[in-house]
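For reference, the structure is listed below as structure tokens.
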There are 2 protein chains.
Amino acid sequence: MSEQTEARDTTVSAVSELDGKLARLKGWLYNKRSSGKILFMIIRDGTGVIQCVATKNEMGEELFRRLDGLHQESSLIVEGLVHKDHRAPGGYEIQVKECRVVSEAWPDYPITLKEHGPEFLLDQRHLWIRTPTQRAILAVRAEVMRSIREFLDNDGFVEVSAPILTPSACEGTSTLFSTPYFGEKAYLSQSGQLYNEATIMALGKVYCFGPTFRAEKSKTRRHLTEFWMVEPEAAFMTFEELLDLEERMVTFVVRRVIDRCSKELEQVGRDPKDLERIVPPFPRMTYDDAVKLLQENGIDIQWGDDFGSPHETFLASQSDKPVFVTGYPTKVKAFYMEPDPERPEIVLASDLLAPEGYGEIIGGSQRIHDYDLLVQRIKEHNLPMEAYDWYLDLRKFGTVPHSGFGLGIERFVAWMCHLDHLREASPFPRMITRMRP
Amino acid sequence: MSEQTEARDTTVSAVSELDGKLARLKGWLYNKRSSGKILFMIIRDGTGVIQCVATKNEMGEELFRRLDGLHQESSLIVEGLVHKDHRAPGGYEIQVKECRVVSEAWPDYPITLKEHGPEFLLDQRHLWIRTPTQRAILAVRAEVMRSIREFLDNDGFVEVSAPILTPSACEGTSTLFSTPYFGEKAYLSQSGQLYNEATIMALGKVYCFGPTFRAEKSKTRRHLTEFWMVEPEAAFMTFEELLDLEERMVTFVVRRVIDRCSKELEQVGRDPKDLERIVPPFPRMTYDDAVKLLQENGIDIQWGDDFGSPHETFLASQSDKPVFVTGYPTKVKAFYMEPDPERPEIVLASDLLAPEGYGEIIGGSQRIHDYDLLVQRIKEHNLPMEAYDWYLDLRKFGTVPHSGFGLGIERFVAWMCHLDHLREASPFPRMITRMRP
């Protein structure tokens, strides 16, 4: 069997490089069918799935019978000849020369090829992620995270991690998780923004990128209690430049997903053509106009109200691109947002609403840089001044106009993959009713 | 003043591209000296510092007096002619043509150019990060994180975030932070490894990269309660391949730091020559030999003891490269580590000890893949079997030999920057006595 010694290690994603050659593949049995003499094994290896054809002739009686009796998820090392076959899923097939069973899976694998309910699948999340669609979503998630960093790094932003354990409940404690902390109480961060506003003064342009936490009792398909967020912030950046940055970043990331995740998009059933449309300029709509449009269409809203999901969904449905809504009422937005110089009743804030009902994927604003105005706002919002002493220092020493935004990763991935629910965009989703496995 | 209209936006790090041309720079006054007619302003912009020279002649009487009276950290927009000057720090200087004061800093900036104590500086961490050495450390930290990802992405690893909120206290609750979680209790993760062991079965090679938490009461220069860790894990990876991966990754990241952070290393006083030595092969030493060596040198240790800081420091001092120590006693290591097939009293585990007293920067091992052995270990360690039901599933369905490691970012950065204490390697360090600002 001298030919096996030449076999080269490969993966399903790279198998085309070994067309006509001997390859070695390590993976798991996903599905199989047998004629009694020929066994078609669908093997997955974490990078994709490929059909491997084993004959009784080549394998010998004993091994063939063993392979034929394997349960789904059994692990294997397969060596064989790669060849193009347009009938095979993925376009390539392996003619098995040798096969080693690494482990035989137990017979009762919980996730079969039939339909399962969502709660059952979430209970089995540690296994569910193996199915091709879930694997594809996780691969898209990794590409989204990677290309966001690539874009920001190339744009001169420096990654500076914001702390998770924070001392004060800046905007009220009702939606915060908390832990005893050596005689004190620490809260799990909802956002790194305030810390970013310190680090831009050291590094100019920064981003933090990590998990954030909301103990909100919202049991909707748009909420997780733990989710990842990237938050870029830059000194001297104006509101106009902020919108431009958001538009460029979203465009870049969507392009990367189209280019690098074509198989994954196919797997999840997302037509790349839907994403090809996501190019600048994104439509911009003022809050004022948005309210009028909603009212004209019989949707209940008054000027001064914040938008909920139905409003966002309607507004985003006006375009097949993401839509900027700008100039929200000051009183519905956070205390740190810079008022519009010509209309102090609105702020230089914008949400970016994804099409197809995915709603807000980005929230951003210019921040107040004036010391006196910030002090006034903290008072108006009845926030504890002493918790903001260090934050106010940033306005005493070298304050500059600055802006930033936050993009929620799971929402973005859900949009890319056209998911019904955020939970599939997280490897191990955390919701009010779930923190297992 | 038609010439100003030609000024191009730049940063200190890119100023050499505009040699002989008009540039516009946005930044903060770091230091200044004046002759009464010429004002030398050291301006920092987040990417570096540069000397800007303003004359009374060019500025006019009023502006010159205002600039001359500015306090440290005042923010400025400077336009002027870039020219090479070997006497200037950084090699370039700007002859100021126009200067706009964006904000005048208050007079009492807490961090002056004199020495301050560490507690004072940590209280002022939001401002301390602006000083050139702290900025340089944060820039090195960003490069370390970036190059780790670059290495792993290029090696076929997929980033899959592990959850922070976890249900069970797998290895005891004494060093865990916890939060009420909708009627239950959630613990903040110390490691994503167990989740990685699930995701490798879906994606082959993965890494998680995020904050981890330890409520340890260790008040040492080597401990933070919140720190970032990267944890790669791969299906089918053997112990030998693991050590090779660690060696390649550390070498790659050190090389990137030397190549991309030369100015930062200079700023922190780290001689790049010390890092040039970090090339394969790294010395390898068995635990057995390490114990003998320690004993021969009069350091108190018995076979079977775990190493502490003094032991690690001594062992690492045997080389100017990182040192692998392999084959630790089974009973001092975690329950999931694969025993050496020839000597079950030791495990296929290794720590990588950095030179110069920085101690363990990586801990890694092959993991137990056999179901029965894992069950036996969970019992031996008196761990709650029901908490591991999903983890045991991974050994029922498609188990394969697999390995992984964890690298602590702040320890690695402290080593790169030759820091005395981990706290400077974190943007906002969290310790037993500190979670502010």
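Each chain of the structure tokens is named A, B, ... in the order shown, its residues numbered from 1; ligands are numbered from 1 in display order.
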Chain A residues near chain B (6 Å cut-off, only C-alpha atoms) as a list in words: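 Output check: Gly46, Glu73, Ser74, Ser75, Ala105, Trp106, His126, Ile129, Arg130, Ala142, Glu159, Ser178, Thr179, Ala198, Ala202, Leu203, Gly204, Lys396, Phe397 and Gly398 of chain A.
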Residues from the last selection, all heavy atoms, saved as a compact mmCIF listing (two decimals), in the first residue's frame:
# COMPACT_ATOMS: atom_id res chain seq x y z
N GLY A 46 -15.39 20.46 9.58
CA GLY A 46 -15.33 21.79 10.18
C GLY A 46 -15.16 22.88 9.14
O GLY A 46 -15.42 24.04 9.41
N GLU A 73 -21.85 11.03 13.29
CA GLU A 73 -20.90 11.71 14.18
C GLU A 73 -19.68 10.87 14.54
O GLU A 73 -18.80 11.33 15.25
CB GLU A 73 -21.55 12.26 15.45
CG GLU A 73 -22.56 13.36 15.20
CD GLU A 73 -22.01 14.52 14.41
OE1 GLU A 73 -20.94 15.03 14.78
OE2 GLU A 73 -22.63 14.93 13.40
N SER A 74 -19.63 9.63 14.08
CA SER A 74 -18.40 8.86 14.29
C SER A 74 -17.24 9.60 13.63
O SER A 74 -17.40 10.22 12.58
CB SER A 74 -18.54 7.46 13.69
OG SER A 74 -19.52 6.74 14.41
N SER A 75 -16.06 9.56 14.26
CA SER A 75 -14.92 10.29 13.71
C SER A 75 -14.03 9.35 12.91
O SER A 75 -13.81 8.20 13.29
CB SER A 75 -14.15 10.98 14.83
OG SER A 75 -13.91 10.11 15.91
N ALA A 105 -19.39 6.71 17.25
CA ALA A 105 -20.37 7.50 18.01
C ALA A 105 -21.41 6.58 18.65
O ALA A 105 -21.72 5.52 18.10
CB ALA A 105 -21.05 8.49 17.08
N TRP A 106 -21.89 6.98 19.81
CA TRP A 106 -22.99 6.25 20.44
C TRP A 106 -24.21 6.31 19.52
O TRP A 106 -24.34 7.23 18.71
CB TRP A 106 -23.33 6.87 21.80
CG TRP A 106 -22.26 6.73 22.83
CD1 TRP A 106 -20.91 6.60 22.63
CD2 TRP A 106 -22.44 6.71 24.26
NE1 TRP A 106 -20.25 6.50 23.82
CE2 TRP A 106 -21.16 6.56 24.84
CE3 TRP A 106 -23.55 6.80 25.09
CZ2 TRP A 106 -20.97 6.51 26.22
CZ3 TRP A 106 -23.36 6.75 26.47
CH2 TRP A 106 -22.09 6.59 27.02
N HIS A 126 -24.56 22.55 22.09
CA HIS A 126 -23.18 22.06 21.96
C HIS A 126 -23.04 21.05 20.82
O HIS A 126 -21.95 20.82 20.32
CB HIS A 126 -22.72 21.43 23.28
CG HIS A 126 -23.60 20.33 23.78
ND1 HIS A 126 -24.90 20.56 24.18
CD2 HIS A 126 -23.39 19.01 23.94
CE1 HIS A 126 -25.45 19.41 24.57
NE2 HIS A 126 -24.55 18.46 24.43
N ILE A 129 -24.53 23.07 16.90
CA ILE A 129 -23.59 23.89 16.10
C ILE A 129 -22.87 23.07 15.03
O ILE A 129 -22.29 23.64 14.12
CB ILE A 129 -22.53 24.57 17.01
CG1 ILE A 129 -21.88 23.55 17.94
CG2 ILE A 129 -23.16 25.71 17.81
CD1 ILE A 129 -20.76 24.13 18.79
N ARG A 130 -22.95 21.74 15.12
CA ARG A 130 -22.28 20.91 14.10
C ARG A 130 -23.05 20.84 12.79
O ARG A 130 -22.47 20.50 11.76
CB ARG A 130 -22.11 19.48 14.62
CG ARG A 130 -21.32 19.39 15.89
CD ARG A 130 -21.23 17.94 16.34
NE ARG A 130 -20.53 17.80 17.61
CZ ARG A 130 -20.18 16.63 18.13
NH1 ARG A 130 -20.48 15.51 17.51
NH2 ARG A 130 -19.54 16.60 19.28
N ALA A 142 -17.57 34.85 12.43
CA ALA A 142 -16.13 35.06 12.53
C ALA A 142 -15.64 36.03 11.46
O ALA A 142 -14.81 36.90 11.72
CB ALA A 142 -15.40 33.72 12.42
N GLU A 159 -7.27 49.09 18.85
CA GLU A 159 -8.16 48.34 19.74
C GLU A 159 -7.72 48.53 21.19
O GLU A 159 -6.58 48.21 21.56
CB GLU A 159 -8.17 46.85 19.39
CG GLU A 159 -9.14 46.08 20.30
CD GLU A 159 -9.37 44.62 19.88
OE1 GLU A 159 -8.78 44.19 18.89
OE2 GLU A 159 -10.13 43.94 20.59
N SER A 178 -24.93 42.30 38.26
CA SER A 178 -23.97 42.79 39.26
C SER A 178 -23.35 41.62 40.01
O SER A 178 -23.95 40.55 40.13
CB SER A 178 -24.66 43.71 40.25
OG SER A 178 -25.57 42.95 41.04
N THR A 179 -22.15 41.82 40.51
CA THR A 179 -21.46 40.80 41.28
C THR A 179 -20.85 41.41 42.53
O THR A 179 -20.40 42.56 42.48
CB THR A 179 -20.37 40.11 40.43
OG1 THR A 179 -19.63 39.21 41.27
CG2 THR A 179 -19.37 41.11 39.86
N ALA A 198 -12.23 58.28 27.08
CA ALA A 198 -10.93 58.55 27.73
C ALA A 198 -9.78 58.13 26.83
O ALA A 198 -8.79 58.86 26.69
CB ALA A 198 -10.85 57.83 29.08
N ALA A 202 -5.84 59.55 24.39
CA ALA A 202 -4.49 58.98 24.43
C ALA A 202 -4.06 58.47 23.06
O ALA A 202 -2.88 58.52 22.72
CB ALA A 202 -4.43 57.83 25.43
N LEU A 203 -5.04 57.99 22.27
CA LEU A 203 -4.69 57.29 21.03
C LEU A 203 -5.40 57.82 19.79
O LEU A 203 -5.21 57.30 18.71
CB LEU A 203 -4.98 55.79 21.19
CG LEU A 203 -4.02 55.08 22.17
CD1 LEU A 203 -4.75 54.06 23.02
CD2 LEU A 203 -2.86 54.44 21.43
N GLY A 204 -6.19 58.86 19.94
CA GLY A 204 -6.82 59.48 18.78
C GLY A 204 -8.07 58.78 18.29
O GLY A 204 -9.16 59.31 18.36
N LYS A 396 -12.40 68.74 31.13
CA LYS A 396 -11.58 69.80 31.70
C LYS A 396 -10.24 69.90 30.98
O LYS A 396 -9.68 70.97 30.83
CB LYS A 396 -11.29 69.51 33.18
CG LYS A 396 -12.46 69.65 34.12
CD LYS A 396 -11.98 69.38 35.55
CE LYS A 396 -13.13 69.38 36.54
NZ LYS A 396 -12.68 68.93 37.88
N PHE A 397 -9.72 68.75 30.59
CA PHE A 397 -8.36 68.70 30.10
C PHE A 397 -8.32 68.21 28.65
O PHE A 397 -8.32 67.02 28.38
CB PHE A 397 -7.50 67.79 31.00
CG PHE A 397 -7.56 68.19 32.45
CD1 PHE A 397 -8.21 67.41 33.38
CD2 PHE A 397 -6.98 69.39 32.87
CE1 PHE A 397 -8.28 67.79 34.72
CE2 PHE A 397 -7.05 69.78 34.20
CZ PHE A 397 -7.71 68.98 35.13
N GLY A 398 -8.32 69.17 27.73
CA GLY A 398 -8.13 68.81 26.33
C GLY A 398 -9.36 68.34 25.61
O GLY A 398 -9.27 67.58 24.65
Near-Asp288 (chain A) list (9 Å; only C-alpha atoms; drop same-chain fewer than 5 positions) as a list of chain:residue names: A:Leu293, A:Trp303, A:Thr326, A:Gly327, A:Tyr328
Shell of 6 Å around Lys37 (chain B), only C-alpha atoms, local chain residues under 2 positions omitted, as a count of residues only: 3
Nearest to Gln267 (chain A) by atom-to-atom distance, counting only C-alpha atoms, from A:Val49, A:Leu422, A:Val82, A:Leu242: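 The shortest atom-to-atom distance to Gln267 (chain A) comes from A:Val49.
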Alpha helix (DSSP H) positions in region 130-333 of chain A, given as a PyMOL selection string: chain A and resi 132-154+193-203+239-260+262-268+272-276+287-296+309-316
Residues within 9 Å of Glu246 (chain A), only C-alpha atoms, excluding chain neighbours under 4 positions, as a list in words: Glu241, Leu242, Val250, Thr251, Leu352, Ile362, Gly364 and Phe405 of chain A
Grab the residues selected above and save them as a CSV table (one decimal), in the first residue's frame with all heavy atoms.
chain,number,residue,atom,x,y,z
A,241,GLU,N,-18.8,63.1,9.7
A,241,GLU,CA,-17.8,62.1,9.5
A,241,GLU,C,-18.1,60.7,10.1
A,241,GLU,O,-17.8,59.7,9.6
A,241,GLU,CB,-16.5,62.6,10.1
A,241,GLU,CG,-15.9,63.8,9.3
A,241,GLU,CD,-14.8,64.5,10.1
A,241,GLU,OE1,-14.7,64.4,11.3
A,241,GLU,OE2,-14.0,65.2,9.4
A,242,LEU,N,-18.9,60.8,11.2
A,242,LEU,CA,-19.4,59.6,11.8
A,242,LEU,C,-20.2,58.7,10.9
A,242,LEU,O,-20.0,57.5,10.7
A,242,LEU,CB,-20.1,59.9,13.1
A,242,LEU,CG,-20.8,58.8,13.8
A,242,LEU,CD1,-19.8,57.9,14.6
A,242,LEU,CD2,-21.9,59.3,14.8
A,250,VAL,N,-19.8,49.4,7.2
A,250,VAL,CA,-20.9,48.4,6.9
A,250,VAL,C,-20.7,47.9,5.4
A,250,VAL,O,-20.8,46.7,5.2
A,250,VAL,CB,-22.3,49.0,7.1
A,250,VAL,CG1,-23.4,48.1,6.5
A,250,VAL,CG2,-22.5,49.3,8.5
A,251,THR,N,-20.4,48.8,4.5
A,251,THR,CA,-20.2,48.4,3.1
A,251,THR,C,-19.0,47.4,3.0
A,251,THR,O,-19.1,46.4,2.3
A,251,THR,CB,-19.9,49.6,2.3
A,251,THR,OG1,-21.0,50.6,2.4
A,251,THR,CG2,-19.8,49.3,0.8
A,352,LEU,N,-28.8,53.4,12.6
A,352,LEU,CA,-28.7,52.8,11.3
A,352,LEU,C,-29.6,51.6,11.3
A,352,LEU,O,-29.4,50.6,12.1
A,352,LEU,CB,-27.3,52.4,10.8
A,352,LEU,CG,-27.2,51.9,9.4
A,352,LEU,CD1,-27.6,53.0,8.4
A,352,LEU,CD2,-25.8,51.4,9.1
A,362,ILE,N,-26.9,49.8,14.3
A,362,ILE,CA,-25.9,50.8,14.8
A,362,ILE,C,-26.6,51.9,15.5
A,362,ILE,O,-27.6,52.4,15.0
A,362,ILE,CB,-25.0,51.3,13.7
A,362,ILE,CG1,-24.0,50.3,13.1
A,362,ILE,CG2,-24.2,52.6,14.2
A,362,ILE,CD1,-23.1,50.8,12.0
A,364,GLY,N,-25.3,55.7,17.0
A,364,GLY,CA,-24.1,56.5,17.2
A,364,GLY,C,-24.5,57.9,17.4
A,364,GLY,O,-25.6,58.3,17.2
A,405,PHE,N,-19.8,55.2,17.7
A,405,PHE,CA,-21.0,54.3,17.5
A,405,PHE,C,-20.8,52.9,18.0
A,405,PHE,O,-19.6,52.5,18.4
A,405,PHE,CB,-21.4,54.3,16.0
A,405,PHE,CG,-20.5,53.5,15.1
A,405,PHE,CD1,-20.7,52.2,14.9
A,405,PHE,CD2,-19.5,54.2,14.4
A,405,PHE,CE1,-19.9,51.5,14.0
A,405,PHE,CE2,-18.7,53.5,13.5
A,405,PHE,CZ,-18.9,52.1,13.4
Contacts of Gln366 (chain A) at 8 Å (only C-alpha atoms; same-chain gap of 3+ positions) as a VMD selection string: chain A and resid 237 to 239 242 337 to 338 348 to 349 401 to 404
10 Å contact set for Gln51 (chain B), only C-alpha atoms, chain neighbours under 2 positions out, as a PyMOL selection string: chain B and resi 12+29-32+39-44+49+53-54+88-96
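What separates CA of Met249 (chain A) from CA of Ala234 (chain A) is a distance of 14.3 Å.
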Secondary structure check, strand (DSSP E or B) residues of region 7-196 of chain A, as an MDAnalysis selection string: chainID A and resid 8:9 22:34 38:44 49:55 75:84 92:103 158:159 165:166 178:181 184:188
For CA of Ser365 (chain B) and CA of Cys208 (chain B), the interatomic separation in Å (one decimal): 16.2 Å
Pick from B:Gly357, B:Gly192, B:Ser218, B:Asn382, whichever lies nearest to Glu231 (chain B) using only C-alpha atoms: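 Closest residue, counting only C-alpha atoms: B:Gly192.
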Best match for closeness to Glu264 (chain B) among B:Glu98, B:Glu360, B:Glu58, B:Thr133, counting only C-alpha atoms: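 When distances to Glu264 (chain B) are compared using only C-alpha atoms, the smallest one comes from B:Thr133.
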